[in-house]
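Notes to accompany the following structure.
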Amino acid sequence: MYHRVIHKTDYIYQEAVSLCHNIVRLTPRSTNKQFCKSSVIKIVPEPDVLIEYEDFFGNKLVYFTIEKEHKKLSVHVTSEIEKLLPANERPPQNNPVTWEETCLLTAASANGLTDVKQFIASTPMTEADDAIEAYAKESFPQGRPLYEGCKNLMNRIFADFKFQAGFTTISTPLSVVMKERKGVCQDFAHLAIACLRSLGLPTRYISGYIETIPPPGVEKLVGVDASHAWFAVYIPNSGWVEFDPTNNLIPDNQHIAIGWGRDYADITPLKGVIMSSGKHELRVSVDVRRVR
Amino acid sequence: MVSNLGSAAVPPGYLSNQYSYDEMLGKDGHLRPHWDAFFKSLNQLGSGELQNRNSEISRLLKENGVTYNIYGNSKVDNRDWNMDAVPFLISKEEWEITEAALIQRASLFNLLLQDIYGEQQLIKKGIIPLELVYNHTGFLRQCAGIKLPGKHSLVLYSADMARSPDGKLWIISDRTQAPSGSGYALENRTVMTRVLPELFNGLKVRHLSPYFDTMSNSLNELGARHHQNPRIVILTPGPGNETYFEHSYLSSNLGYTLVQGHDLMVKHNFVWLKTLSGLEKVDVIIRRVDDIYCDPLELKPDSQLGVAGLLQVIRSGNVSIANPPGSSILENPGLMPFLQNVSKYFFGTSLLMPTIASWWCGQPKEMKYVLNNIQSLVIKRIYRGINKSTSVDGGSLSAAKLNELKQQIIKHPFLFVGQEKINLSSTPSLVNGKMEPHKTIFRSFLVSNGDSYTAMAGGLSRTSSDALNFIVSNQSGGQSKDTWIISPEPVQSIILPKKFTEKAAVASNGGVLPSNTAENLFWVGRYTERLLGNARFHRTVIQTIAEGNRLMMEADVQAEQVLLKALTHYTSTYPGFIDEEDKDNEEKLKQPWPEIRDILFNETRAGSLKYDFVLFIRAVHAVRDHWSTDTWRVLRGMEEAWSTIKDPATTGHLKMQHILDSLVTSVVAFIGLNRESISREQGWLMLDMGRKMEQCLLLTSMLRATLVIKNDDLVDYKLQEAVLVSNECLVNFRYKYRSLIQLPLVLNLMIFDPNNPRALLYQLDRLKKSLANLPKTTETTLAAHDLFIIEAYQLIHSASKEKLSLPDEAAGQYLNLDAFLSDMYDILSGIQNAVSKTYFVHAQSQKQLFTTDTPEGDFFE
């Protein structure tokens with residue numbers, strides 16, 4: 001059994017666009033939790049230049065240009081992913097390492113943990129103000145195991161914040177999210193990351209999808225059929241452990257990661273610059289389903 | 001006169017500052033040997049003459065249009081560059097040591113840069129801490145793996161140095177992303193050799209030219225792998241940038257095209273320059289745009305200064321860029337304490353020149369030291385923030401501020417460095433005719449020569465604005481100095497920087513006009529005529545009113561009112577004198593002076609003369625390398641005249657006329673000088689076309705604003721006369737017709753006369769010629785603007801002076817004339833739009849696509 005993800009992005013332009021440059025990060029990575037069997041990207045019109053490479057964080061990306069006039073751009077990605085049972089990890093729920101120990105360990109380690117240490121510093125999108133710092137501290141009393149603390153923080157974000165599409169945009173500062181207590185998955189991921197980094201904990205942002213199978217009579221999970229975002233914390237001896245504060249879930253079989261970075265800006269699914277003064281509209285559809 | 005034998009005397013009144021090193025005086029109170037030689041030379045001039053020469057320097061710098069823009073105000077303030085006649089001197093012995101140390105440092109920084117964006121061995125081996133790189137905003141992860149061909153990724157390097165009280169030179173900061181100042185250094189030298197040639201006599205002063213020759217060779221080398229005769233451009237953020245003068249100066253001295261982001265585009269994984277004749281491939285970019293602004297696709301999304309897709313082209317190796325984006329990671333005072341070990345790692349030797357003592361707070365011991373000694377240190381952030389001062393003198397802070405700073409350091413120790421406070425050395429400066437010691441810092445410039453680095457034998461020295469001031473910066477005033485390395489080799493007594501090397505001259509690809517420059521020139525042409533037309537019409541109206549007031553005849557009053565209304569139409573300063581809603585409009589027409597003053601001097605009012613003047617000056621500065629020295633003198637004179645208008649609110653009409661007269665003279669001089677000095681290539685074509693375009697439009701709207709309504713004969717007579725006067729055609733009219741002014745003849749002269757340079761037909765002929773010389777974009781069919789020109793001629797040929805001057809008595813208007821002029825105006829606007837669309841394509845804006853960021857993106861409405 002595996003998952004098939006069909007992610008369609010269409011831009012419709014009011015005026016013809018003569019040139020566009022784009023970067024797509026929609027090819028799922030293979031990790032110890034998932035294997036990407038195939039990922040096919042179909043771009044219409046045919047790109048004039050198309051270059052694939054891996055970014056600084058090892059995410060797969062595609063750069064392409066279209067250099068003839070066009071009024072519509074479609075980027076359709078179809079990926080097949082097999083979920084794996086992670087091996088060689090100490091189950092995090094039994095890991096007694098405290099958050100203070102983690103801070104000391106990562107800070108003191110000379111330079112062996114480059115991949116971990118680089119996720120401690122805050123970024124403009126994950127800047128913690130006093131309110132966020134105070135909010136973070138409540139989940140991390142002295143001596144609490146890191147895993148417990150993260151789970152508690154996830155529970156609290158889920159309980160305290162309202163999922164409200166349209167309230168925030170990508171440029172809404174985190175302080176506003178904190179104050180108004182509303183936002184979307186990406187805001188909640190950023191908020192958790194800001195909280196954890198304010199304590200000195202290595203945390204990364206994960207971009208991906210969530211599959212939902214709504215049982216009859218039960219409300220559908222939020223984030224269905226859309227790109228999703230959550231976060232992962234580095235727990236010594238257990239590795240990167242993921243948390244989904246939007247759904248109050250420890251990601252398991254329903255979460256499919258595309259890749260990660262320090263924040264959204266590092267792993268924006270699709271971005272582009274067009275030469276045009278006209279307006280454009282965007283249509284996105286995501287379909288995640290199980291295939292036997 | 002002082003004898004050449006023996007020592008020169010210490011300048012009278014020069015008081016050495018005891019707490020810092022004195023560049024000129026030794027401990028024994030005598031002149032140091034290299035200063036001694038200099039003062040012997042200087043004293044031969046005499047102090048009076050020196051003062052004259054100092055003024056001459058200011059005059060020359062001003063006339064050459066040397067400026068340094070000051071940020072901070074909403075508008076750009078072009079501040080004049082200033083230079084002291086007394087240079088900063090470095091003895092040859094000291095220079096040899098300094099030069100070697102600088103070359104070592106540039107080589108070290110090159111390896112550091114390549115390692116940070118490559119293997120990161122230094123971090124892996126613990127030689128530099130990860131936090132110092134990864135927490136620095138200049139570490140651009142998008143640039144990982146980028147490396148220029150050849151040995152050096154760091155092509156240009158520059159260091160600020162200062163001398164401490166023990167007499168040692170120290171490096172206090174490094175400039176790596178887009179080092180500026182070399183152009184100012186060159187201009188300083190050029191002016192010195194012109195104004196004070198005698199000073200160089202007998203003093204062996206090293207040339208600056210090897211530095212620039214090396215730069216030009218290295219850039220050619222970089223481009224040679226792309227093209228035998230590579231195209232090299234200088235990418236500038238534009239006229240608003242603080243050092244824009246230098247960008248344009250280097251561009252004309254090195255022979256490289258000066259471009260802005262929107263002049264370039266990326267297609268097919270190459271960089272192209274948009275020119276009037278199409279796209280031209282670019283091989284090498286010298287960039288003066290900061291790292292993160294270089295590419296809106298991958299770096300700062302809202303940057304309008306870069307080129308979308310540029311990073312990918314660099315990554316693919318299809319363009320070379322000096323310095324590559326990401327270089328600002330090296331502008332990092334936190335690196336200072338680690339450089340010694342980096343040097344040992346790469347070279348196996350120590351640094352030749354010590355770096356200023358620094359403590360990076362990312363280490364517990366160092367942080368403790370900084371916190372304990374904060375008042376005796378300068379605290380710096382590891383990167384420059386936007387609009388944030390990066391360094392603060394711990395000793396200057398109040399207890400509360402100090403505590404705040406300490407808290408910040410404790411919270412983000414990685415971001416702070418404590419540096420030893422240097423008591424800068426003092427060097428003699430000529431201030432108000434007196435020699436005074438002023439604190440000084442010195443910037444040196446290095447450029448890759450392929451295998452190693454070549455240092456400029458000189459540099460840019462800057463002194464504090466007053467003798468005691470600790471802060472030296474261009475932003476806060478102060479002076480610059482030429483910098484002399486007194487060399488042992490014999491050199492010519494007069495050193496003129498070599499303007500072009502053979503190679504650079506070949507590589508300059510002259511004659512190619514970026515379309516953005518083309519558009520700017522076109523607008524300079526339009527604004528020139530707009531100023532001229534507006535000034536003349538204003539003048540005519542002012543004269544009429546001033547005279548009318550004396551006589552108070554009914555016809556005068558009526559004509560006056562029509563003219564005032566026409567002025568509003570002509571300048572588009574609505575509602576102005578035609579405010580139908582305003583009950584006081586009658587009063588306004590009776591007391592027109594406040595409104596007239598406003599549309600002359602109110603800079604914030606669109607359509608006012610001052611407003612147009614500002615647009616004109618802005619356009620002129622945007623293409624500043626097109627104007628000759630004489631032209632600059634005229635421009636400078638105009639700017640000065642307008643900036644000295646003291647109290648516009650009380651300016652009388654005579655004073656106004658005087659201002660307008662001199663403006664007209666200056667604008668005409670500007671036009672004439674351009675005619676004499678601008679090469680008849682595409683640049684001239686654009687300028688001339690802009691002028692013709694504006695002349696046609698202005699004439700059409702003036703005729704329409706003044707002559708369409710039918711008034712009493714006497715009033716009409718006065719209006720027709722005003723039109724002739726305003727267009728400088730009255731003499732012409734009398735000469736030609738020897739009759740009373742009457743509408744058919746006026747229209748004949750102003751519209752149909754093919755020999756009157758002010759007539760519409762004549763202007764149209766010229767415009768047609770200009771348009772015919774534009775590069776062809778289509779082979780077979782007529783261009784859109786050609787069709788409009790044909791239409792314009794048809795309109796003129798189907799009209800006649802008799803038909804146009806036939807009044808419609810019922811309407812009280814010359815309706816035929818009105819229809820003719822309004823059709824003509826539309827056709828002319830059509831030409832303008834067609835030209836813009838075909839040739840100024842860069843006007844098309846670039847924008848970001850929405851991203852598929854969040855679920856709400858799905859719910860498109």
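Labels for the structure tokens follow display order: chains A, B, ..., residues from 1 in each chain, ligands from 1.
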Which residues, written as number ranges by chain, have at least one atom at most 7 Å from B:Met161, with only C-alpha atoms counted and residues fewer than 4 positions away on the same chain left out?
B: 169-172, 441-443
Any chance you can output those residues with C-alpha atoms as a JSON list (two decimals), in the first residue's frame?
[["chain", "number", "residue", "atom", "x", "y", "z"],
["B", 169, "LEU", "CA", 48.03, 50.47, 11.39],
["B", 170, "TRP", "CA", 45.08, 48.20, 12.18],
["B", 171, "ILE", "CA", 42.31, 46.83, 10.05],
["B", 172, "ILE", "CA", 39.08, 47.90, 11.65],
["B", 441, "ILE", "CA", 40.68, 56.55, 8.72],
["B", 442, "PHE", "CA", 41.93, 55.15, 5.46],
["B", 443, "ARG", "CA", 40.25, 52.77, 3.03]]
Check the DSSP output for the backbone and give back, as a ChimeraX atom specification, the residues of stretch 647-839 of chain B in alpha helix (DSSP H).
/B:653-677,682-707,713-726,730-737,743-747,760-772,784-798,801-804,815-839
As an exercise, work out the distance from atom CA of B:Thr571 to atom CA of B:Gly607 in Å and give it to one decimal place.
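Atom-to-atom, atom CA of B:Thr571 to atom CA of B:Gly607, that is 5.3 Å.
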Name the residues of stretch 479-647 of chain B that fall into strand (DSSP E or B) according to DSSP on the backbone, using the chain letters and numbers of this document, as an NGL selection string.
:B and (479-486 or 514)
As a count of residues only, please: the residues near A:Ile267 (cut-off 10 Å, only C-alpha atoms, same-chain neighbours under 3 positions excluded).
22
Enter the distance from atom CA of A:Thr98 to atom CA of A:Ser122, in Å, rounded to one decimal.
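We find that atom CA of A:Thr98 and atom CA of A:Ser122 lie 21.1 Å from each other.
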For stretch 612-623 of chain B: contacts at 7 Å, only C-alpha atoms, fewer than 6 positions along chain excluded, given as a PyMOL selection string
chain B and resi 239+517+520-521+523-524+527-528+531
Who sits within 9 Å of B:Phe38, only C-alpha atoms, same chain under 6 positions skipped, as a list in words:
Ala8, Leu89, Leu199, Phe200 and Leu203 of chain B
Produce a file of the selected residues containing C-alpha atoms, as an mmCIF file, in the first residue's frame.
data_model
loop_
_atom_site.group_PDB
_atom_site.id
_atom_site.type_symbol
_atom_site.label_atom_id
_atom_site.label_comp_id
_atom_site.auth_asym_id
_atom_site.auth_seq_id
_atom_site.Cartn_x
_atom_site.Cartn_y
_atom_site.Cartn_z
ATOM 1 C CA ALA B 8 60.346 72.367 6.840
ATOM 2 C CA LEU B 89 50.672 60.361 3.396
ATOM 3 C CA LEU B 199 52.941 69.452 -5.143
ATOM 4 C CA PHE B 200 53.893 66.305 -6.978
ATOM 5 C CA LEU B 203 57.729 63.711 -4.520
#
Under the rule of at most 6 Å, produce a per-residue listing of chain A near chain B: chain, number, name, the closest pair of atoms, and the distance in Å, as a tab-separated table, using only C-alpha atoms.
residue	atom	partner	partner_atom	distance
A:Phe56	CA	B:Arg141	CA	5.9
A:Asn111	CA	B:Lys124	CA	5.8
A:Ala165	CA	B:Glu856	CA	5.1
A:Gly166	CA	B:Glu856	CA	5.6
A:Ala226	CA	B:Pro855	CA	5.8
A:Leu270	CA	B:Thr851	CA	5.8
A:Lys271	CA	B:Thr851	CA	5.4
A:Gly272	CA	B:Leu849	CA	5.2
A:Val273	CA	B:Gln848	CA	4.5
A:Ile274	CA	B:Lys847	CA	5.5
A:Met275	CA	B:Gln846	CA	4.5
A:Ser276	CA	B:Ser845	CA	5.7
A:Ser277	CA	B:Ser845	CA	5.5
A:Val284	CA	B:Asp858	CA	5.3
List the neighbours of A:Thr65 out to 6 Å using only C-alpha atoms; skip same-chain residues closer than 4 positions along the sequence, and give me the result as an MDAnalysis selection string.
chainID A and resid 20:21 47:49
Name all residues at most 8 Å from stretch 123-139 of chain A (count only C-alpha atoms; drop same-chain ones fewer than 5 positions away) and give them as a list in words.
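So the residues in contact are Gly149, Cys150, Asn152, Leu153, Pro173, Leu174, Ser175, Met178, His190, Leu191, Ile193, Ala194, Cys195, Leu196, Ser198, Leu199, Arg262, Asp263 and Tyr264 of chain A.
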Best match for closeness to A:Met1 among A:Ala229, A:Val177, A:Ile81, A:Ala159, counting only C-alpha atoms:
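Counting only C-alpha atoms, the residue closest to A:Met1 is A:Ile81.
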Nearest candidate to A:Ile170 (options A:Phe158, A:Asn237, A:Val184, A:Arg283; using only C-alpha atoms):
A:Val184
Among B:Leu446, B:Leu740, B:Ala559, B:Ile382, B:Val417 is approached most closely, using only C-alpha atoms, by B:Ile382
